[in-house]
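> Below is the file coords_16.cif, with mmCIF, C-alpha atoms.
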```cif
data_query
loop_
_atom_site.label_atom_id
_atom_site.label_comp_id
_atom_site.auth_asym_id
_atom_site.auth_seq_id
_atom_site.Cartn_x
_atom_site.Cartn_y
_atom_site.Cartn_z
CA MET U 939 0.00 0.00 0.00
CA LYS U 940 0.99 3.65 -0.36
CA ILE U 941 1.10 5.89 2.72
CA LEU U 942 1.49 9.65 2.43
CA HIS U 943 3.34 11.38 5.29
CA THR U 944 2.92 15.11 5.89
CA SER U 945 2.92 17.39 8.94
CA ASP U 946 2.82 20.92 10.32
CA TRP U 947 -0.01 22.36 8.27
CA HIS U 948 -0.75 25.10 10.83
CA LEU U 949 -4.23 25.75 9.47
CA GLY U 950 -5.44 29.18 10.55
CA GLN U 951 -1.98 30.73 10.75
CA HIS U 952 -1.65 34.49 10.40
CA PHE U 953 1.77 35.41 9.09
CA MET U 954 2.71 39.00 9.98
CA GLY U 955 -0.93 39.96 9.66
CA LYS U 956 -1.50 37.95 6.48
CA SER U 957 -3.91 35.01 6.29
CA ARG U 958 -2.62 31.74 4.82
CA ARG U 959 -6.14 30.62 3.92
CA ASP U 960 -5.67 30.69 0.15
CA GLU U 961 -2.33 28.87 0.38
CA HIS U 962 -3.75 26.10 2.51
CA LYS U 963 -6.76 25.75 0.21
CA ALA U 964 -4.45 25.48 -2.82
CA PHE U 965 -2.25 22.95 -1.01
CA ILE U 966 -5.17 20.72 0.00
CA ASP U 967 -6.55 20.77 -3.55
CA TRP U 968 -3.12 19.79 -4.85
CA LEU U 969 -2.83 17.06 -2.19
CA LEU U 970 -6.17 15.53 -3.13
CA ALA U 971 -5.12 15.44 -6.78
CA LEU U 972 -1.89 13.70 -5.72
CA VAL U 973 -3.83 11.11 -3.71
CA ASP U 974 -5.88 10.37 -6.82
CA ARG U 975 -2.91 10.25 -9.18
CA GLU U 976 -0.72 8.06 -6.97
CA SER U 977 -3.57 5.88 -5.64
CA VAL U 978 -2.59 6.68 -2.06
CA ASP U 979 -4.25 4.38 0.50
CA ALA U 980 -3.63 6.36 3.68
CA VAL U 981 -2.45 9.79 4.81
CA ILE U 982 -0.63 10.50 8.09
CA ILE U 983 -0.52 14.08 9.41
CA ALA U 984 2.20 14.08 12.06
CA GLY U 985 1.02 16.94 14.25
CA ASP U 986 0.22 20.66 14.19
CA VAL U 987 -2.81 20.41 11.98
CA PHE U 988 -3.82 23.80 13.42
CA ASP U 989 -1.70 26.79 14.34
CA THR U 990 -3.46 27.53 17.62
CA GLY U 991 -5.71 25.78 20.09
CA SER U 992 -8.61 28.00 19.00
CA PRO U 993 -8.34 28.12 15.20
CA PRO U 994 -10.67 30.32 13.11
CA SER U 995 -13.86 28.76 11.80
CA TYR U 996 -12.58 28.53 8.22
CA ALA U 997 -9.64 26.39 9.42
CA ARG U 998 -12.03 23.98 11.14
CA GLU U 999 -14.12 23.83 7.98
CA MET U 1000 -11.01 22.93 5.95
CA TYR U 1001 -10.17 20.20 8.47
CA HIS U 1002 -13.61 18.59 8.32
CA GLN U 1003 -13.88 18.96 4.54
CA LEU U 1004 -10.53 17.17 4.25
CA VAL U 1005 -11.96 14.23 6.20
CA LEU U 1006 -14.94 14.05 3.85
CA ASP U 1007 -12.75 14.34 0.75
CA MET U 1008 -10.48 11.52 1.98
CA LYS U 1009 -13.49 9.33 2.79
CA ALA U 1010 -14.84 9.90 -0.74
CA ARG U 1011 -11.51 8.61 -2.07
CA HIS U 1012 -11.50 5.58 0.26
CA CYS U 1013 -8.26 6.96 1.69
CA GLN U 1014 -7.71 6.46 5.41
CA LEU U 1015 -6.56 9.43 7.48
CA VAL U 1016 -4.45 9.27 10.65
CA ILE U 1017 -4.00 12.52 12.57
CA VAL U 1018 -1.75 12.91 15.61
CA ALA U 1019 -1.77 16.07 17.72
CA GLY U 1020 1.15 18.45 17.79
CA ASN U 1021 2.18 20.98 20.41
CA HIS U 1022 0.07 23.67 18.68
CA ASP U 1023 -3.06 21.52 18.65
CA SER U 1024 -5.68 21.60 21.39
CA VAL U 1025 -6.45 18.17 22.83
CA SER U 1026 -10.00 19.15 23.75
CA MET U 1027 -10.70 20.66 20.32
CA LEU U 1028 -9.48 17.56 18.49
CA ASN U 1029 -11.52 15.38 20.84
CA GLU U 1030 -14.74 17.26 19.97
CA SER U 1031 -15.11 15.38 16.69
CA LYS U 1032 -12.76 12.44 17.29
CA SER U 1033 -15.50 9.83 17.84
CA LEU U 1034 -17.52 11.01 14.86
CA LEU U 1035 -14.50 11.02 12.54
CA MET U 1036 -13.83 7.34 13.34
CA TYR U 1037 -16.91 6.50 11.27
CA LEU U 1038 -15.32 8.36 8.35
CA ASP U 1039 -12.09 6.31 8.42
CA THR U 1040 -10.17 9.06 10.24
CA GLN U 1041 -8.27 8.14 13.40
CA VAL U 1042 -7.26 11.00 15.71
CA SER U 1043 -4.62 10.52 18.42
CA SER U 1044 -4.83 13.63 20.56
CA GLN U 1045 -3.08 12.67 23.79
CA ALA U 1046 -0.95 9.87 25.21
CA THR U 1047 -3.08 7.33 27.08
CA LEU U 1048 -1.07 5.03 29.35
CA GLU U 1049 -4.25 3.24 30.46
CA ASP U 1050 -5.17 2.23 26.91
CA ILE U 1051 -2.01 1.58 24.89
CA ASP U 1052 -3.98 -0.33 22.23
CA SER U 1053 -5.85 2.86 21.31
CA HIS U 1054 -2.59 4.15 19.82
CA VAL U 1055 -2.30 1.21 17.41
CA VAL U 1056 -4.18 1.90 14.17
CA ALA U 1057 -4.72 -0.72 11.47
CA LEU U 1058 -4.31 0.49 7.89
CA LYS U 1059 -6.13 -1.69 5.37
CA ASP U 1060 -5.46 -2.21 1.68
CA LYS U 1061 -8.07 -2.11 -1.07
CA THR U 1062 -9.08 -5.72 -0.31
CA GLY U 1063 -9.84 -4.87 3.31
CA GLU U 1064 -6.82 -6.73 4.71
CA VAL U 1065 -4.48 -5.16 7.28
CA ALA U 1066 -1.45 -3.91 5.32
CA ALA U 1067 0.31 -1.86 8.04
CA TRP U 1068 0.08 -0.88 11.68
CA VAL U 1069 0.51 2.75 12.74
CA CYS U 1070 1.77 3.49 16.24
CA ALA U 1071 -0.09 6.81 16.44
CA VAL U 1072 1.94 8.67 19.07
CA PRO U 1073 1.05 12.38 19.43
CA TYR U 1074 3.05 15.18 21.02
CA LEU U 1075 4.00 13.83 24.44
CA ARG U 1076 3.55 16.25 27.30
CA PRO U 1077 5.67 15.37 30.33
CA LYS U 1078 2.59 15.03 32.55
CA ASP U 1079 1.11 12.46 30.13
CA VAL U 1080 3.97 9.98 30.46
CA MET U 1081 5.56 10.61 33.87
CA GLN U 1082 4.91 11.84 37.37
CA SER U 1083 6.98 14.66 38.80
CA VAL U 1084 8.97 13.91 41.92
CA ALA U 1085 9.73 16.59 44.49
CA GLY U 1086 13.36 17.52 44.87
CA GLN U 1087 14.50 16.18 41.50
CA SER U 1088 17.43 17.94 39.87
CA GLU U 1089 17.15 19.27 36.33
CA GLN U 1090 19.33 16.43 35.07
CA ASP U 1091 17.21 13.81 36.84
CA LYS U 1092 14.08 15.31 35.25
CA LYS U 1093 15.66 15.09 31.80
CA LEU U 1094 16.71 11.48 32.28
CA GLY U 1095 13.32 10.58 33.75
CA LEU U 1096 11.45 12.15 30.84
CA LEU U 1097 13.72 10.50 28.29
CA GLN U 1098 13.14 7.12 29.90
CA SER U 1099 9.37 7.65 30.12
CA ILE U 1100 9.10 8.66 26.47
CA GLY U 1101 11.19 5.66 25.42
CA GLU U 1102 9.05 3.32 27.53
CA PHE U 1103 5.82 4.73 26.06
CA TYR U 1104 7.05 4.26 22.51
CA GLN U 1105 8.17 0.72 23.33
CA GLN U 1106 4.80 -0.19 24.86
CA VAL U 1107 2.93 1.03 21.78
CA TYR U 1108 5.38 -0.76 19.49
CA GLU U 1109 5.03 -4.02 21.43
CA ALA U 1110 1.24 -3.74 21.24
CA ALA U 1111 1.54 -3.43 17.46
CA ARG U 1112 3.93 -6.39 17.29
CA GLU U 1113 1.49 -8.50 19.30
CA LYS U 1114 -1.29 -7.67 16.84
CA ASN U 1115 1.10 -8.53 14.03
CA THR U 1116 1.58 -12.06 15.33
CA ALA U 1117 -2.13 -12.73 14.83
CA LEU U 1118 -1.80 -12.13 11.08
CA LYS U 1119 -0.85 -14.82 8.59
CA THR U 1120 1.86 -12.56 7.20
CA PRO U 1121 3.42 -9.80 9.36
CA VAL U 1122 3.04 -6.28 7.99
CA PRO U 1123 5.16 -3.14 8.43
CA ILE U 1124 4.89 -1.12 11.64
CA ILE U 1125 4.92 2.65 11.15
CA GLY U 1126 5.66 5.06 14.00
CA THR U 1127 4.71 8.70 14.43
CA GLY U 1128 6.01 11.49 16.59
CA HIS U 1129 5.83 15.24 17.07
CA LEU U 1130 9.04 16.32 18.73
CA THR U 1131 12.61 17.44 18.18
CA ALA U 1132 15.01 14.60 17.46
CA VAL U 1133 18.79 14.95 17.69
CA GLY U 1134 20.14 16.05 14.33
CA GLY U 1135 17.02 17.85 13.16
CA GLN U 1136 17.65 21.38 11.84
CA VAL U 1137 15.03 23.77 13.18
CA SER U 1138 13.77 26.97 11.59
CA GLU U 1139 12.69 30.33 12.96
CA SER U 1140 9.02 29.36 13.16
CA VAL U 1141 9.53 26.24 15.30
CA ARG U 1142 8.71 26.65 18.97
CA ASP U 1143 10.81 24.77 21.49
CA LEU U 1144 9.39 21.59 22.97
CA TYR U 1145 9.86 20.17 26.47
CA VAL U 1146 10.87 23.60 27.75
CA GLY U 1147 13.15 23.37 30.74
CA THR U 1148 13.46 19.61 30.66
CA LEU U 1149 14.40 17.91 27.41
CA GLU U 1150 15.14 19.80 24.20
CA ALA U 1151 15.86 16.94 21.78
CA LEU U 1152 15.54 13.16 21.73
CA PRO U 1153 18.23 10.76 20.49
CA THR U 1154 17.08 8.37 17.76
CA SER U 1155 17.93 5.48 20.09
CA VAL U 1156 14.73 6.21 22.03
CA PHE U 1157 12.62 4.96 19.13
CA PRO U 1158 11.84 1.26 18.54
CA ALA U 1159 12.75 -0.48 15.28
CA PHE U 1160 9.92 0.97 13.21
CA ASP U 1161 9.86 0.18 9.51
CA TYR U 1162 9.23 3.89 9.03
CA LEU U 1163 8.94 6.82 11.46
CA ALA U 1164 6.76 9.76 10.38
CA LEU U 1165 7.88 12.81 12.31
CA GLY U 1166 6.50 16.32 12.65
CA HIS U 1167 7.45 19.61 14.37
CA ILE U 1168 10.54 20.58 12.39
CA HIS U 1169 9.50 22.45 9.26
CA ARG U 1170 12.51 21.59 7.10
CA ALA U 1171 12.17 18.22 5.41
CA GLN U 1172 15.04 15.96 6.45
CA PRO U 1173 15.96 12.40 7.42
CA ILE U 1174 17.34 11.65 10.88
CA SER U 1175 18.52 8.12 10.07
CA LYS U 1176 21.00 6.85 7.48
CA SER U 1177 18.33 4.78 5.75
CA GLY U 1178 16.06 7.82 5.41
CA ARG U 1179 13.17 5.92 6.97
CA PHE U 1180 13.09 8.03 10.12
CA ARG U 1181 12.31 11.48 8.78
CA TYR U 1182 10.56 14.82 9.02
CA SER U 1183 8.28 15.56 6.09
CA GLY U 1184 8.51 19.29 6.78
CA SER U 1185 5.69 21.82 6.51
CA PRO U 1186 3.84 22.15 3.19
CA ILE U 1187 4.23 25.94 3.07
CA PRO U 1188 7.01 28.22 4.37
CA LEU U 1189 6.01 29.31 7.87
CA SER U 1190 8.86 31.80 8.21
CA PHE U 1191 11.15 33.64 5.84
CA ASP U 1192 14.16 31.55 6.83
CA GLU U 1193 12.46 28.47 5.35
CA LEU U 1194 12.80 29.91 1.85
CA GLY U 1195 15.37 28.50 -0.55
CA ARG U 1196 14.52 24.85 0.07
CA ASP U 1197 11.87 22.76 -1.61
CA LYS U 1198 8.84 21.91 0.48
CA THR U 1199 8.10 18.19 0.28
CA LEU U 1200 5.96 15.37 1.53
CA VAL U 1201 6.68 11.65 1.58
CA ILE U 1202 4.98 8.72 -0.13
CA LEU U 1203 5.95 5.41 1.46
CA ASN U 1204 5.37 2.23 -0.57
CA THR U 1205 5.13 -0.53 2.04
CA ASP U 1206 5.35 -3.22 -0.68
CA LEU U 1207 8.97 -2.18 -1.24
CA LEU U 1208 10.04 -2.19 2.41
CA GLY U 1209 12.81 -4.74 2.82
CA GLU U 1210 13.26 -5.03 -0.94
CA ASP U 1211 15.86 -2.33 -1.48
CA THR U 1212 18.47 -4.93 -2.41
CA PHE U 1213 19.43 -6.24 -5.82
CA VAL U 1214 16.74 -8.43 -7.33
CA GLU U 1215 17.05 -10.57 -10.49
CA ASP U 1216 19.02 -7.97 -12.45
CA LEU U 1217 22.34 -7.70 -10.63
CA PHE U 1218 22.98 -4.33 -12.25
CA ALA U 1219 19.63 -2.82 -11.29
CA GLU U 1220 19.49 0.02 -8.78
CA PRO U 1221 17.85 -0.72 -5.41
CA VAL U 1222 14.26 0.46 -5.23
CA ASP U 1223 13.70 3.01 -2.48
CA PRO U 1224 10.32 2.67 -0.73
CA VAL U 1225 10.54 6.35 0.27
CA GLN U 1226 9.55 8.82 -2.44
CA LEU U 1227 9.87 12.57 -1.86
CA VAL U 1228 7.32 14.71 -3.66
CA THR U 1229 8.02 18.42 -4.15
CA ILE U 1230 5.13 20.71 -3.22
CA PRO U 1231 4.45 23.70 -5.50
CA ASN U 1232 4.91 27.21 -4.15
CA PHE U 1233 1.46 28.71 -3.65
CA GLN U 1234 2.54 32.15 -2.36
CA PRO U 1235 5.55 34.10 -3.71
CA MET U 1236 7.87 35.14 -0.87
CA ALA U 1237 11.36 36.60 -0.81
CA SER U 1238 13.94 37.75 1.72
CA VAL U 1239 16.75 40.10 0.69
CA LYS U 1240 19.60 41.55 2.72
CA GLY U 1241 22.62 43.76 2.24
CA ASN U 1242 23.39 47.46 2.32
CA LEU U 1243 20.64 49.74 1.08
CA LYS U 1244 22.08 49.97 -2.43
CA ASP U 1245 22.39 46.17 -2.74
CA VAL U 1246 18.89 45.63 -1.36
CA ILE U 1247 17.34 48.02 -3.88
CA LYS U 1248 19.22 46.24 -6.67
CA GLN U 1249 18.02 42.81 -5.45
CA ILE U 1250 14.40 43.99 -5.25
CA SER U 1251 14.56 45.29 -8.82
CA ALA U 1252 15.77 41.87 -10.00
CA LEU U 1253 13.06 39.82 -8.22
CA PRO U 1254 10.97 37.60 -10.53
CA LEU U 1255 7.38 38.78 -10.23
CA ASP U 1256 3.99 37.30 -11.06
CA GLU U 1257 1.41 39.92 -11.99
CA ASP U 1258 -1.35 37.65 -10.70
CA LYS U 1259 0.17 37.11 -7.23
CA THR U 1260 1.54 39.61 -4.74
CA LEU U 1261 5.02 38.79 -3.45
CA TRP U 1262 5.57 39.01 0.31
CA LEU U 1263 8.92 40.64 1.01
CA GLU U 1264 11.28 40.75 3.98
CA VAL U 1265 14.22 43.18 3.88
CA THR U 1266 17.28 43.24 6.13
CA VAL U 1267 19.40 46.36 5.71
CA ILE U 1268 22.97 45.98 6.91
CA ALA U 1269 24.39 49.35 7.92
CA ASP U 1270 26.29 50.74 10.90
CA GLU U 1271 24.90 54.25 10.49
CA TYR U 1272 21.29 55.11 11.32
CA LEU U 1273 19.11 55.46 8.22
CA SER U 1274 15.89 57.24 9.05
CA ASP U 1275 14.23 56.98 5.65
CA VAL U 1276 14.86 53.29 4.86
CA HIS U 1277 11.20 52.24 4.93
CA LYS U 1278 10.15 55.21 2.80
CA ARG U 1279 12.83 54.53 0.19
CA LEU U 1280 11.89 50.84 0.01
CA LEU U 1281 8.23 51.71 -0.51
CA GLU U 1282 9.27 53.97 -3.38
CA VAL U 1283 11.19 51.07 -4.97
CA ILE U 1284 8.22 48.67 -4.87
CA GLU U 1285 5.59 51.23 -5.85
CA GLY U 1286 3.50 49.94 -8.74
CA LYS U 1287 4.88 46.42 -8.41
CA PRO U 1288 3.02 43.34 -7.08
CA ILE U 1289 5.11 43.41 -3.89
CA GLU U 1290 4.00 43.82 -0.29
CA LEU U 1291 6.65 44.77 2.24
CA LEU U 1292 5.95 42.72 5.36
CA ARG U 1293 9.06 43.34 7.43
CA VAL U 1294 12.08 45.63 7.47
CA MET U 1295 14.98 44.97 9.83
CA ARG U 1296 18.28 46.76 10.34
CA ARG U 1297 21.48 45.04 11.38
CA SER U 1298 24.97 46.37 11.90
CA ALA U 1299 27.86 44.92 9.93
CA ILE U 1300 29.49 43.83 13.19
CA GLU U 1301 26.35 42.01 14.29
CA LYS U 1302 26.19 40.21 10.95
CA LYS U 1303 29.73 38.92 11.35
CA ASN U 1304 29.19 37.71 14.90
CA ASP U 1305 25.75 36.24 14.52
CA GLY U 1306 25.34 33.10 12.41
CA PHE U 1307 21.55 33.06 12.67
CA GLU U 1308 19.09 35.81 11.73
CA ALA U 1309 18.23 37.95 14.75
CA ARG U 1310 14.51 38.17 15.44
CA LYS U 1311 13.58 41.77 16.12
CA THR U 1312 9.89 41.86 16.97
CA LEU U 1313 8.27 40.65 20.17
CA SER U 1314 5.70 38.57 18.27
CA GLU U 1315 8.53 36.43 16.87
CA LEU U 1316 10.26 35.78 20.19
CA THR U 1317 9.46 32.80 22.37
CA VAL U 1318 8.79 33.31 26.07
CA GLY U 1319 12.24 31.83 26.73
CA ASP U 1320 13.87 34.29 24.32
CA VAL U 1321 12.31 37.24 26.13
CA PHE U 1322 13.41 35.91 29.52
CA GLN U 1323 17.00 35.33 28.40
CA GLN U 1324 17.26 38.78 26.82
CA SER U 1325 15.87 40.30 30.00
CA LEU U 1326 18.53 38.50 32.04
CA LYS U 1327 21.30 39.82 29.83
CA SER U 1328 20.12 43.40 29.51
CA ASN U 1329 18.51 44.27 32.84
CA LEU U 1330 20.35 42.32 35.55
CA GLU U 1331 23.98 42.03 36.59
CA LEU U 1332 24.13 38.35 37.47
CA ASP U 1333 26.92 35.83 37.59
CA GLU U 1334 26.66 32.53 35.69
CA GLU U 1335 25.38 30.51 38.66
CA GLU U 1336 22.64 33.04 39.49
CA SER U 1337 21.52 33.13 35.85
CA LYS U 1338 21.39 29.34 35.76
CA THR U 1339 19.29 29.18 38.95
CA LEU U 1340 16.83 31.80 37.71
CA THR U 1341 16.53 30.04 34.35
CA GLU U 1342 15.77 26.69 36.03
CA LEU U 1343 13.09 28.33 38.20
CA PHE U 1344 11.59 30.09 35.17
CA ASN U 1345 11.49 26.85 33.14
CA ALA U 1346 9.86 25.01 36.03
CA CYS U 1347 7.15 27.70 36.13
CA LEU U 1348 6.57 27.33 32.39
CA THR U 1349 6.20 23.56 32.69
CA GLU U 1350 3.73 23.96 35.58
CA LEU U 1351 1.78 26.62 33.66
CA GLU U 1352 1.50 24.33 30.62
CA ALA U 1353 0.16 21.55 32.86
CA HIS U 1354 -2.46 23.90 34.38
CA GLN U 1355 -3.53 25.09 30.94
CA GLN U 1356 -3.91 21.52 29.73
CA ASN U 1357 -5.93 20.58 32.81
CA GLY U 1358 -8.16 23.60 32.16
CA GLU U 1359 -8.75 22.43 28.57
CA GLU U 1360 -9.66 18.96 29.77
CA LYS U 1361 -12.17 20.33 32.33
CA GLN U 1362 -13.82 22.51 29.68
CA SER U 1363 -14.14 19.52 27.34
#
```
Turn this file's structure into structure tokens for me.

Amino acid sequence: MKILHTSDWHLGQHFMGKSRRDEHKAFIDWLLALVDRESVDAVIIAGDVFDTGSPPSYAREMYHQLVLDMKARHCQLVIVAGNHDSVSMLNESKSLLMYLDTQVSSQATLEDIDSHVVALKDKTGEVAAWVCAVPYLRPKDVMQSVAGQSEQDKKLGLLQSIGEFYQQVYEAAREKNTALKTPVPIIGTGHLTAVGGQVSESVRDLYVGTLEALPTSVFPAFDYLALGHIHRAQPISKSGRFRYSGSPIPLSFDELGRDKTLVILNTDLLGEDTFVEDLFAEPVDPVQLVTIPNFQPMASVKGNLKDVIKQISALPLDEDKTLWLEVTVIADEYLSDVHKRLLEVIEGKPIELLRVMRRSAIEKKNDGFEARKTLSELTVGDVFQQSLKSNLELDEEESKTLTELFNACLTELEAHQQNGEEKQS
């Protein structure tokens, strides 16, 4: 069977005041055409279907229409929650969607491990793969906090608990596999940061204050692992079978310059990527990367003011689509009329200037990553760290202690918010 792996749709996202509604609509239409063309049997969305816990009504409509469109194509849909998704919101329609061949895994359930094992069936109705549908794992879902634990003990405890949860779900799938005449592939899912994954500006940190990234050794021996959270498509294993699909549209300007992709996994080819019959034939890779078209022109230019103006003049433009532009002007002197001069350059062109930043030449040399200038783009942790550096004269040990206390407060706040969601639902 063919399984399509995608993630991080962020339906309902507003990007610097701009709606992504048209982009998401164009992407879903393209995706449905791909499902038809490739005869895809199942689609896995590995987290962050929505951008916020309270998405706009049009985003919910897109979500439910997707379910209906997949059902009409006899294509199964497996959705696991990401850190942006609301557990209670996904649970609102979870039971109903089961009758439409859509399985939603919103939260880790230690009491019912079997609920995380989803059977994918081929066109004959036979089980062709098992999906270990593991959503974003909140620390409180998989472990109990112990008073007096050090930060290192918390990290090790969380790592062990996550590994044990994955192993339990995997073993449950293996047990179901033994009941079949012929064992089938076992596919894993996850929404997290794995060691080796390259993050982008739009990715929010996970496991704040406890565990920033998981080693691949924590995962069982899945035949394929469909990951979400990191928006740049990339493998995290040598075989390429543990991988991030990446987001379907650029969610920040620093994601430009790389193709957006999704994955089509052909389970019939798993284990057959060795030479067969023809000794000179190339191995057949069960993992196929499919490039996603660009539905919204975007560009980011940087340099001194003269270079920036020259780059803007050379941008390829589409008269039917407005290009969203980010400009970084590198100059040590203060330029008061930069924004005005840039607006004069783009006047009459299908360009919308979304952001203008100024950086000094010294800062550019010392900083390997683009500095985020606006409060809306900073994480809570970023703001706290900048406050420590700029407002307080603290030694290293004092800064470390305050950071640990701050992170502990964030973790507790997240737990309270989640409990509040569950009570409301």
> Env of Leu1028 in chain U: 9 Å cut, atoms = all atoms listed in the file, seq-sep filter 6 positions within chain, self excluded. Answer as a ChimeraX atom specification.
/U:1019,1042-1044
> Take CA of Lys1061 in chain U and CA of Met939 in chain U and report the distance between them in Å, one decimal.
8.4 Å
> Report the distance between CA of Leu1130 in chain U and CA of Lys1093 in chain U in Å, rounded to one decimal place.
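So the answer is 14.7 Å.
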> Could you spell out the hits of the PyMOL selection byres ((chain U and resi 1249-1259) around 8) on the shown file, as a list of chain:residue names?
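Against this file, the PyMOL selection byres ((chain U and resi 1249-1259) around 8) returns the residues U:Gln1234, U:Pro1235, U:Val1239, U:Asp1245, U:Val1246, U:Ile1247, U:Lys1248, U:Thr1260, U:Leu1261, U:Val1283, U:Ile1284, U:Pro1288.
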> Counting all atoms listed in the file, note down every residue that has an atom within 12 Å of the point (-4.6, 26.4, -1.0) (file coordinates), as a PyMOL selection string.
chain U and resi 947+949-950+957-970+997+1000+1186-1187+1230-1234
> Suppose you want the space between CA of Thr1127 in chain U and CA of Ala1164 in chain U; what is it in Å?
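Atom-to-atom, CA of Thr1127 in chain U to CA of Ala1164 in chain U, that is 4.7 Å.
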> If you count all atoms listed in the file, which residues fall within 8 Å of Ile1124 in chain U, apart from same-chain ones fewer than 5 positions away, as a VMD selection string?
chain U and resid 1067 to 1070 1108 1111 to 1112 1160 to 1162
> Would you list the residues near (15.5, 43.4, 1.4) (no more than 12 Å away, in the coordinates of the file, using all atoms listed in the file) as a count of residues only?
42
> Enumerate, as number ranges by chain, the residues matched when the PyMOL selection byres ((chain U and resi 1096-1103) around 12) is run on the file above.
U: 1046-1052, 1054, 1070-1084, 1087, 1089-1095, 1104-1110, 1128-1130, 1132, 1145-1159
> Let me make sure I understand: among U:Ala1057, U:Ala1269, U:Leu1015, U:Ala971, which one has the smallest atom-to-atom distance to Thr944 in chain U if we use all atoms listed in the file?
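Looking at the shortest contact to Thr944 in chain U, the residue is U:Leu1015.
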> Please expand the PyMOL selection byres ((chain U and resi 979) around 9) into the concrete residues it hits in this file, giving the result as a list in words.
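The output of the PyMOL selection byres ((chain U and resi 979) around 9) on this file is Met939, Lys940, Ile941, Leu942, Val973, Ser977, Val978, Ala980, Val981, Arg1011, His1012, Cys1013, Gln1014, Leu1015, Leu1058, Lys1059, Asp1060 and Lys1061 of chain U.
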> Residues within 10 Å of Ser1024 in chain U, please, as a list in words. Count all atoms listed in the file; anything in the same chain fewer than 3 positions from it doesn't count.
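Here the answer would be Asp986, Val987, Phe988, Asp989, Thr990, Gly991, Ser992, Pro993, Ala1019, Gly1020, Asn1021, Met1027, Leu1028, Asn1029, Ser1044, Gln1045, Gln1356, Glu1359 and Glu1360 of chain U.
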> Which residues come within 7 Å of Ile983 in chain U, counting only C-alpha atoms, excluding same-chain residues fewer than 6 positions away, as a PDB file with C-alpha atoms, keeping the file's coordinate frame?

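In the end it all went to around.pdb:
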```
ATOM      1  CA  HIS U 943       3.340  11.380   5.290  1.00  0.00           C
ATOM      2  CA  THR U 944       2.920  15.110   5.890  1.00  0.00           C
ATOM      3  CA  SER U 945       2.920  17.390   8.940  1.00  0.00           C
ATOM      4  CA  VAL U1016      -4.450   9.270  10.650  1.00  0.00           C
ATOM      5  CA  ILE U1017      -4.000  12.520  12.570  1.00  0.00           C
ATOM      6  CA  VAL U1018      -1.750  12.910  15.610  1.00  0.00           C
TER       7      VAL U1018
END
```
